[in-house]
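K.L.:
Before we start, here is the structure in question, set down as structure tokens.
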Amino acid sequence: AGSPIAPVETLLDRGVLKLLARHPDVHVDRLGDYTRAVDGRGTVTCSTTSGLIEIGPPDVTKASALRSVVASMGFTADQVVAVGDMPNDLPMLQWAGVRAVVANAHPLLHEIAHLVLPANDDDGVATLVDAVLAARSA
């Protein structure tokens, strides 16, 4: 019967898997400043510039998921190329052996990138996949 409205601390303590927070007048890069109540109870990130932040369980990131999948396949981080565009990709990129970002990625990601691909709208990821497949068949 609707979404619960409660303080962030209460929702996190109840085991909520994901919270979304938005403010129409605060840029997404600043919204994280307003999430001090999370205080280690969750992971705060964003995947869009539309003013929406995400709060998930502590230590649950794209990196933790990718690390698990890669290990189950018998590979290691140095054998992984990860591609990202927003701050929620940062832990994954920091973990991967090769850090690729699209040209229109958030500035934080450009700071750590090994490789800059064309923008999302210019098929940046497809360009990388094509190059990898071409190298494998050569």
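Letters A, B, ... go to the chains of the structure tokens in the order shown; residues in each chain start at 1; ligands are counted from 1 in the same order.
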Taking only chain A into account, list the residues labelled alpha helix (DSSP H) by DSSP (computed from the backbone), as an MDAnalysis selection string.

P.N.:
chainID A and resid 8:13 28:31 62:72 90:95 107:110 124:137

K.L.:
Quick one: residues within 12 Å of A:Gly84, only C-alpha atoms, excluding same-chain residues fewer than 2 positions away - as number ranges by chain?

P.N.:
A: 47-48, 62-63, 81-82, 86-94, 96, 98-110, 112-120, 124-125

K.L.:
For those residues, write C-alpha atoms to a file as a JSON list (two decimals), in the first residue's frame.

P.N.:
```json
[["chain", "number", "residue", "atom", "x", "y", "z"],
["A", 47, "SER", "CA", 23.92, 6.44, -12.29],
["A", 48, "THR", "CA", 22.32, 9.45, -13.92],
["A", 62, "LYS", "CA", 29.13, -3.26, -9.53],
["A", 63, "ALA", "CA", 32.68, -4.19, -8.51],
["A", 81, "VAL", "CA", 38.12, -4.64, -19.28],
["A", 82, "ALA", "CA", 35.32, -2.66, -17.63],
["A", 86, "MET", "CA", 28.76, 7.40, -14.17],
["A", 87, "PRO", "CA", 29.98, 7.36, -10.54],
["A", 88, "ASN", "CA", 28.20, 4.07, -9.80],
["A", 89, "ASP", "CA", 30.79, 2.50, -12.15],
["A", 90, "LEU", "CA", 33.78, 3.89, -10.24],
["A", 91, "PRO", "CA", 34.42, 0.88, -7.92],
["A", 92, "MET", "CA", 34.11, -1.51, -10.87],
["A", 93, "LEU", "CA", 36.58, 0.49, -12.95],
["A", 94, "GLN", "CA", 39.03, 0.74, -10.04],
["A", 96, "ALA", "CA", 39.27, -3.97, -13.36],
["A", 98, "VAL", "CA", 41.64, -2.02, -17.89],
["A", 99, "ARG", "CA", 39.45, 1.01, -17.16],
["A", 100, "ALA", "CA", 37.53, 2.22, -20.19],
["A", 101, "VAL", "CA", 35.11, 5.14, -20.16],
["A", 102, "VAL", "CA", 32.93, 6.64, -22.84],
["A", 103, "ALA", "CA", 33.73, 10.17, -23.97],
["A", 104, "ASN", "CA", 30.64, 11.57, -22.26],
["A", 105, "ALA", "CA", 31.43, 9.89, -18.92],
["A", 106, "HIS", "CA", 31.31, 11.76, -15.63],
["A", 107, "PRO", "CA", 34.58, 13.69, -14.99],
["A", 108, "LEU", "CA", 35.44, 11.45, -12.00],
["A", 109, "LEU", "CA", 35.74, 8.49, -14.33],
["A", 110, "HIS", "CA", 37.93, 10.32, -16.84],
["A", 112, "ILE", "CA", 41.11, 7.15, -13.67],
["A", 113, "ALA", "CA", 40.54, 5.95, -17.24],
["A", 114, "HIS", "CA", 43.12, 3.95, -19.15],
["A", 115, "LEU", "CA", 41.08, 4.22, -22.34],
["A", 116, "VAL", "CA", 38.48, 6.73, -23.57],
["A", 117, "LEU", "CA", 35.94, 5.38, -26.06],
["A", 118, "PRO", "CA", 33.53, 7.29, -28.26],
["A", 119, "ALA", "CA", 30.41, 8.56, -26.49],
["A", 120, "ASN", "CA", 27.41, 6.36, -25.67],
["A", 124, "GLY", "CA", 31.51, 3.64, -27.79],
["A", 125, "VAL", "CA", 31.06, 0.22, -26.19]]
```

K.L.:
Apply DSSP to the structure's backbone, then extract all residues of chain A labelled strand (DSSP E or B) and return them as a PyMOL selection string.

P.N.:
chain A and resi 19-22+43-45+52-56+81-84+98-102+115-117

K.L.:
Please determine, counting only C-alpha atoms, which residue among A:Val83, A:Ala138, A:Leu17, A:Ile53 has the shortest atom-to-atom distance to A:Leu31.

P.N.:
A:Ile53
